[in-house]
$ cat coords-v7.tsv   # TSV, C-alpha atoms
chain	number	residue	atom	x	y	z
K	146	MET	CA	0.78	-33.69	0.51
K	147	ARG	CA	2.47	-30.73	-1.20
K	148	PHE	CA	0.41	-27.85	-2.50
K	149	ARG	CA	1.40	-26.95	-6.04
K	150	ILE	CA	0.76	-23.57	-7.59
K	151	GLY	CA	0.48	-23.32	-11.34
K	152	THR	CA	-0.30	-20.95	-14.17
K	153	GLU	CA	-3.93	-20.39	-13.09
K	154	GLN	CA	-2.81	-19.13	-9.67
K	155	TRP	CA	-0.07	-16.95	-11.22
K	156	GLU	CA	-2.68	-15.37	-13.50
K	157	LEU	CA	-4.95	-14.63	-10.54
K	158	LEU	CA	-2.09	-12.98	-8.61
K	159	GLN	CA	-1.08	-11.02	-11.71
K	160	LYS	CA	-4.64	-9.85	-12.50
K	161	THR	CA	-5.30	-8.71	-8.92
K	162	GLY	CA	-2.01	-6.82	-8.66
K	163	THR	CA	-0.98	-8.90	-5.67
K	164	THR	CA	2.59	-8.49	-4.47
K	165	ALA	CA	4.16	-11.62	-3.01
K	166	ALA	CA	6.98	-11.12	-0.52
K	167	TYR	CA	9.93	-13.47	-0.92
K	168	ASN	CA	11.33	-13.83	2.62
K	169	VAL	CA	13.99	-16.30	1.61
K	170	GLN	CA	16.03	-16.76	4.80
K	171	SER	CA	13.00	-16.88	7.08
K	172	ASN	CA	11.29	-19.39	4.77
K	173	THR	CA	14.47	-21.46	4.50
K	174	ASN	CA	14.96	-21.43	8.28
K	175	ASN	CA	11.34	-22.57	8.77
K	176	ALA	CA	11.78	-25.28	6.12
K	177	VAL	CA	8.64	-24.18	4.24
K	178	GLY	CA	10.31	-24.46	0.86
K	179	ILE	CA	11.75	-22.12	-1.71
K	180	CYS	CA	9.37	-19.60	-3.25
K	181	PRO	CA	9.14	-20.09	-7.04
K	182	ALA	CA	10.04	-16.42	-7.55
K	183	VAL	CA	11.52	-16.85	-11.03
K	184	SER	CA	8.41	-18.63	-12.31
K	185	MET	CA	6.18	-16.02	-10.66
K	186	LEU	CA	8.15	-13.17	-12.26
K	187	ASP	CA	8.02	-14.98	-15.62
K	188	HIS	CA	4.20	-15.02	-15.28
K	189	GLY	CA	3.98	-11.30	-14.48
K	190	VAL	CA	3.45	-11.67	-10.74
K	191	ASN	CA	4.82	-8.86	-8.58
K	192	VAL	CA	7.36	-10.56	-6.35
K	193	ALA	CA	9.30	-8.34	-3.95
K	194	LEU	CA	12.24	-8.85	-1.66
K	195	GLY	CA	11.19	-9.23	1.96
K	196	GLY	CA	12.98	-10.00	5.18
K	197	ASP	CA	10.27	-11.11	7.62
K	198	GLY	CA	12.47	-9.88	10.47
K	199	TYR	CA	15.00	-12.68	9.99
K	200	THR	CA	17.67	-10.24	8.92
K	201	TYR	CA	17.89	-6.51	8.47
K	202	ASP	CA	20.60	-6.78	5.82
K	203	LEU	CA	18.55	-6.81	2.64
K	204	TYR	CA	21.68	-7.15	0.50
K	205	GLN	CA	22.32	-10.44	2.30
K	206	GLU	CA	18.68	-11.42	1.79
K	207	LEU	CA	18.90	-10.51	-1.90
K	208	GLY	CA	22.10	-12.49	-2.47
K	209	PHE	CA	20.70	-15.50	-0.65
K	210	GLY	CA	17.46	-15.18	-2.65
K	211	VAL	CA	19.33	-15.30	-5.95
K	212	ILE	CA	21.34	-18.34	-4.84
K	213	MET	CA	18.24	-20.18	-3.64
K	214	GLN	CA	16.43	-19.56	-6.95
K	215	ARG	CA	19.39	-21.03	-8.81
K	216	ILE	CA	19.35	-24.05	-6.51
K	217	ARG	CA	15.57	-24.42	-6.87
K	218	GLU	CA	15.75	-24.28	-10.66
K	219	LYS	CA	19.03	-26.23	-10.82
K	220	ASP	CA	20.36	-23.60	-13.21
K	221	PRO	CA	23.00	-20.94	-12.41
K	222	ARG	CA	21.65	-18.72	-15.21
K	223	VAL	CA	18.19	-18.09	-13.73
K	224	PHE	CA	17.11	-14.90	-12.00
K	225	SER	CA	18.21	-12.51	-14.70
K	226	GLY	CA	19.42	-8.99	-14.07
K	227	GLU	CA	16.06	-7.62	-15.22
K	228	GLN	CA	14.21	-9.93	-12.84
K	229	ILE	CA	16.52	-8.96	-9.95
K	230	ARG	CA	15.97	-5.26	-10.71
K	231	ARG	CA	12.19	-5.70	-10.70
K	232	PHE	CA	12.31	-7.90	-7.59
K	233	ALA	CA	14.61	-5.66	-5.54
K	234	PHE	CA	13.58	-2.18	-6.70
K	235	GLU	CA	10.60	-1.83	-9.02
K	236	ASN	CA	8.08	-4.19	-7.36
K	237	PRO	CA	8.71	-3.01	-3.77
K	238	GLY	CA	8.63	0.58	-5.05
K	239	ASN	CA	5.30	0.02	-6.78
K	240	LEU	CA	3.89	-1.57	-3.63
K	241	GLY	CA	5.07	1.43	-1.60
K	242	LYS	CA	3.44	3.78	-4.07
K	243	ARG	CA	0.18	1.86	-3.96
K	244	LEU	CA	0.11	1.69	-0.15
K	245	PHE	CA	1.64	5.03	0.82
K	246	GLY	CA	1.20	7.21	-2.25
K	247	VAL	CA	4.91	7.91	-2.69
K	248	GLN	CA	7.22	6.49	-5.37
K	249	LEU	CA	10.02	4.38	-3.90
K	250	GLY	CA	12.89	2.39	-5.38
K	251	MET	CA	14.23	4.90	-7.88
K	252	LEU	CA	15.92	8.27	-8.04
K	253	GLU	CA	13.74	10.59	-10.07
K	254	PRO	CA	11.70	13.76	-9.50
K	255	GLY	CA	8.79	13.13	-7.12
K	256	ALA	CA	10.28	9.94	-5.67
K	257	ALA	CA	11.15	9.61	-1.97
K	258	ALA	CA	14.88	10.13	-2.70
K	259	ASP	CA	16.10	7.19	-0.61
K	260	ILE	CA	19.80	6.47	-0.96
K	261	VAL	CA	21.96	3.71	0.52
K	262	LEU	CA	25.72	4.22	0.64
K	263	VAL	CA	28.05	1.24	0.84
K	264	ASP	CA	31.74	1.05	1.69
K	265	TYR	CA	32.80	-1.39	-0.97
K	266	GLN	CA	36.20	-1.90	-2.56
K	267	GLU	CA	35.35	-3.79	-5.73
K	268	PRO	CA	37.76	-6.59	-6.70
K	269	THR	CA	36.80	-6.14	-10.36
K	270	PRO	CA	35.51	-3.07	-12.21
K	271	ILE	CA	31.81	-2.33	-11.79
K	272	THR	CA	29.98	-1.82	-15.07
K	273	GLY	CA	26.36	-1.46	-16.08
K	274	SER	CA	26.28	-5.13	-17.02
K	275	ASN	CA	27.73	-6.51	-13.78
K	276	PHE	CA	26.46	-4.04	-11.15
K	277	LEU	CA	23.68	-6.36	-9.97
K	278	SER	CA	26.17	-9.22	-9.59
K	279	HIS	CA	28.32	-7.06	-7.33
K	280	MET	CA	25.24	-5.95	-5.41
K	281	THR	CA	23.90	-9.48	-4.85
K	282	SER	CA	27.23	-11.02	-3.92
K	283	ALA	CA	29.28	-8.40	-2.12
K	284	PHE	CA	27.32	-5.44	-0.67
K	285	SER	CA	26.16	-7.34	2.44
K	286	GLY	CA	27.48	-5.78	5.63
K	287	LYS	CA	28.87	-2.78	3.75
K	288	VAL	CA	26.07	-0.21	4.32
K	289	THR	CA	27.45	2.90	6.02
K	290	ASP	CA	24.75	5.53	5.50
K	291	VAL	CA	21.08	5.63	4.58
K	292	ILE	CA	19.19	8.74	3.51
K	293	VAL	CA	15.39	8.53	3.44
K	294	ASN	CA	13.50	11.32	1.72
K	295	GLY	CA	16.45	13.63	2.21
K	296	LYS	CA	16.95	12.81	5.92
K	297	THR	CA	19.97	10.81	7.15
K	298	VAL	CA	18.64	7.90	9.20
K	299	VAL	CA	21.90	5.90	9.33
K	300	ARG	CA	25.29	7.58	9.59
K	301	ASP	CA	28.55	5.64	9.94
K	302	ARG	CA	26.56	2.42	10.50
K	303	HIS	CA	24.48	3.82	13.39
K	304	CYS	CA	20.81	4.81	13.40
K	305	THR	CA	20.37	8.54	13.96
K	306	GLN	CA	16.65	8.55	14.81
K	307	ILE	CA	16.56	6.01	17.64
K	308	ASP	CA	18.51	4.95	20.71
K	309	GLU	CA	19.80	1.56	19.52
K	310	GLU	CA	21.17	0.48	22.92
K	311	LYS	CA	17.89	1.26	24.68
K	312	ILE	CA	15.86	-0.61	22.07
K	313	LEU	CA	18.16	-3.65	22.15
K	314	ALA	CA	17.95	-3.75	25.95
K	315	GLU	CA	14.13	-3.61	25.77
K	316	CYS	CA	14.14	-6.35	23.10
K	317	LYS	CA	16.06	-8.62	25.48
K	318	VAL	CA	13.53	-7.99	28.25
K	319	GLN	CA	10.59	-8.64	25.91
K	320	ALA	CA	12.21	-11.77	24.45
K	321	ASP	CA	12.84	-13.13	27.96
K	322	GLN	CA	9.17	-12.54	28.86
K	323	LEU	CA	8.01	-14.18	25.65
K	324	TRP	CA	10.13	-17.30	26.18
K	325	LYS	CA	8.93	-17.59	29.79
K	326	SER	CA	5.31	-17.34	28.62
K	327	LEU	CA	5.89	-20.28	26.25
K	328	ASP	CA	7.15	-22.63	28.96

$ encode --input "coords-v7.tsv" --output "structure tokens"
Amino acid sequence: MRFRIGTEQWELLQKTGTTAAYNVQSNTNNAVGICPAVSMLDHGVNVALGGDGYTYDLYQELGFGVIMQRIREKDPRVFSGEQIRRFAFENPGNLGKRLFGVQLGMLEPGAAADIVLVDYQEPTPITGSNFLSHMTSAFSGKVTDVIVNGKTVVRDRHCTQIDEEKILAECKVQADQLWKSLD
């Protein structure tokens, strides 16, 4: 039996200010279905890009999310630029503001001033009308630097605040212990 969500549930999520995370690759990998993000956005629900730990490349997650919505709706025109902007920037930024008291997702006075730099040689000119198409289809794997609230946390594709090798080694130890505990 499949659980179906309709207008009444969308209205409840919208009225309560709930933000739904769309963890597209994790959900696809677990075969739990494709989130009806376009319908939710159309009904005023805050839907935000998530990763659920499946990937740390949110440009890849975003691109995959757009493709999956178009497959779900059987229409290559769905998930408009405005919806993508709200989904990728505005809604997560509003959630961050509500939870942490700081504006995220935009460059303006008082915001956290987070910036992501990408090394991207565009095959066609980038304009205001096609920027989101470039972002959703070609920025994956291109992030070189990340600045969070004025502090560089990634430089030349390497984290500056942590020892990546040490953490990866510890992850392998912990993963081995976890798998052994499941046997």

$ residues_around --input "coords-v7.tsv" --residues "Thr289 in chain K" --least-positions-apart "2" --cutoff "7 Å" --atoms "only C-alpha atoms" --output "list in words"
Leu262, Val263, Asp264, Lys287, Arg300, Asp301 and Arg302 of chain K

$ atom_distance --input "coords-v7.tsv" --atom1 "CA of Gly286 in chain K" --atom2 "CA of Asn175 in chain K"
23.5 Å

$ closest_residue --input "coords-v7.tsv" --among "K:Arg217, K:Glu315, K:Phe284, K:Gly151" --to "Tyr265 in chain K" --atoms "all atoms listed in the file"
K:Phe284

$ atom_distance --input "coords-v7.tsv" --atom1 "CA of Ser278 in chain K" --atom2 "CA of Pro221 in chain K"
12.5 Å

$ atom_distance --input "coords-v7.tsv" --atom1 "CA of Gln266 in chain K" --atom2 "CA of Gly196 in chain K"
25.8 Å

$ closest_residue --input "coords-v7.tsv" --among "K:Gly226, K:Gly246, K:Gly195, K:Gly162" --to "Ser274 in chain K" --atoms "all atoms listed in the file"
K:Gly226

$ closest_residue --input "coords-v7.tsv" --among "K:Asn294, K:Ser225, K:Thr200, K:Asn168" --to "Ser184 in chain K" --atoms "only C-alpha atoms"
K:Ser225

$ residues_around --input "coords-v7.tsv" --residues "Phe232 in chain K" --least-positions-apart "4" --cutoff "8 Å" --atoms "all atoms listed in the file" --output "VMD selection string"
chain K and resid 191 to 194 228 236 to 237

$ closest_residue --input "coords-v7.tsv" --among "K:Met213, K:Leu207, K:Thr164, K:Asp328" --to "Cys180 in chain K" --atoms "only C-alpha atoms"
K:Met213

$ closest_residue --input "coords-v7.tsv" --among "K:Leu157, K:Ile312, K:Val183, K:Ala165" --to "Arg222 in chain K" --atoms "all atoms listed in the file"
K:Val183

$ closest_residue --input "coords-v7.tsv" --among "K:Phe209, K:Ser171, K:Thr161, K:Lys242" --to "Gly255 in chain K" --atoms "only C-alpha atoms"
K:Lys242

$ residues_around --input "coords-v7.tsv" --residues "Val211 in chain K" --least-positions-apart "2" --cutoff "9 Å" --atoms "only C-alpha atoms" --output "number ranges by chain"
K: 206-209, 213-216, 223-224, 229, 281

$ build_atoms --input "coords-v7.tsv" --residues "range 147-173 of chain K" --atoms "N, CA and C atoms" --output "short mmCIF file (atom, residue, chain, number, x, y, z; two decimals), keeping the file's coordinate frame"
data_model
loop_
_atom_site.label_atom_id
_atom_site.label_comp_id
_atom_site.auth_asym_id
_atom_site.auth_seq_id
_atom_site.Cartn_x
_atom_site.Cartn_y
_atom_site.Cartn_z
N ARG K 147 1.93 -32.06 -0.84
CA ARG K 147 2.47 -30.73 -1.20
C ARG K 147 1.45 -29.99 -2.04
N PHE K 148 1.29 -28.72 -1.72
CA PHE K 148 0.41 -27.85 -2.50
C PHE K 148 1.21 -27.29 -3.66
N ARG K 149 0.71 -27.44 -4.86
CA ARG K 149 1.40 -26.95 -6.04
C ARG K 149 0.63 -25.78 -6.63
N ILE K 150 1.35 -24.75 -6.96
CA ILE K 150 0.76 -23.57 -7.59
C ILE K 150 1.16 -23.59 -9.06
N GLY K 151 0.21 -23.31 -9.91
CA GLY K 151 0.48 -23.32 -11.34
C GLY K 151 0.04 -22.04 -12.03
N THR K 152 -0.01 -22.11 -13.33
CA THR K 152 -0.30 -20.95 -14.17
C THR K 152 -1.59 -20.25 -13.78
N GLU K 153 -2.64 -21.00 -13.45
CA GLU K 153 -3.93 -20.39 -13.09
C GLU K 153 -3.77 -19.48 -11.86
N GLN K 154 -3.03 -19.94 -10.87
CA GLN K 154 -2.81 -19.13 -9.67
C GLN K 154 -1.94 -17.91 -9.98
N TRP K 155 -0.93 -18.09 -10.83
CA TRP K 155 -0.07 -16.95 -11.22
C TRP K 155 -0.92 -15.88 -11.90
N GLU K 156 -1.82 -16.32 -12.79
CA GLU K 156 -2.68 -15.37 -13.50
C GLU K 156 -3.58 -14.61 -12.54
N LEU K 157 -4.10 -15.28 -11.53
CA LEU K 157 -4.95 -14.63 -10.54
C LEU K 157 -4.14 -13.58 -9.75
N LEU K 158 -2.93 -13.94 -9.33
CA LEU K 158 -2.09 -12.98 -8.61
C LEU K 158 -1.73 -11.79 -9.50
N GLN K 159 -1.44 -12.08 -10.77
CA GLN K 159 -1.08 -11.02 -11.71
C GLN K 159 -2.27 -10.10 -11.96
N LYS K 160 -3.44 -10.65 -12.20
CA LYS K 160 -4.64 -9.85 -12.50
C LYS K 160 -5.05 -8.97 -11.32
N THR K 161 -4.87 -9.47 -10.11
CA THR K 161 -5.30 -8.71 -8.92
C THR K 161 -4.24 -7.74 -8.44
N GLY K 162 -3.07 -7.74 -9.08
CA GLY K 162 -2.01 -6.82 -8.66
C GLY K 162 -1.39 -7.18 -7.33
N THR K 163 -1.53 -8.43 -6.95
CA THR K 163 -0.98 -8.90 -5.67
C THR K 163 0.54 -8.86 -5.71
N THR K 164 1.14 -8.43 -4.61
CA THR K 164 2.59 -8.49 -4.47
C THR K 164 2.92 -9.58 -3.46
N ALA K 165 3.71 -10.54 -3.88
CA ALA K 165 4.16 -11.62 -3.01
C ALA K 165 5.53 -11.26 -2.45
N ALA K 166 5.69 -11.38 -1.15
CA ALA K 166 6.98 -11.12 -0.52
C ALA K 166 7.79 -12.41 -0.49
N TYR K 167 9.01 -12.33 -0.93
CA TYR K 167 9.93 -13.47 -0.92
C TYR K 167 10.87 -13.26 0.26
N ASN K 168 10.56 -13.92 1.38
CA ASN K 168 11.33 -13.83 2.62
C ASN K 168 12.23 -15.06 2.70
N VAL K 169 13.24 -15.08 1.89
CA VAL K 169 13.99 -16.30 1.61
C VAL K 169 14.64 -16.93 2.84
N GLN K 170 15.34 -16.15 3.66
CA GLN K 170 16.03 -16.76 4.80
C GLN K 170 15.06 -17.23 5.87
N SER K 171 14.02 -16.46 6.11
CA SER K 171 13.00 -16.88 7.08
C SER K 171 12.33 -18.17 6.60
N ASN K 172 11.94 -18.20 5.31
CA ASN K 172 11.29 -19.39 4.77
C ASN K 172 12.23 -20.60 4.79
N THR K 173 13.50 -20.37 4.48
CA THR K 173 14.47 -21.46 4.50
C THR K 173 14.66 -21.97 5.92
#
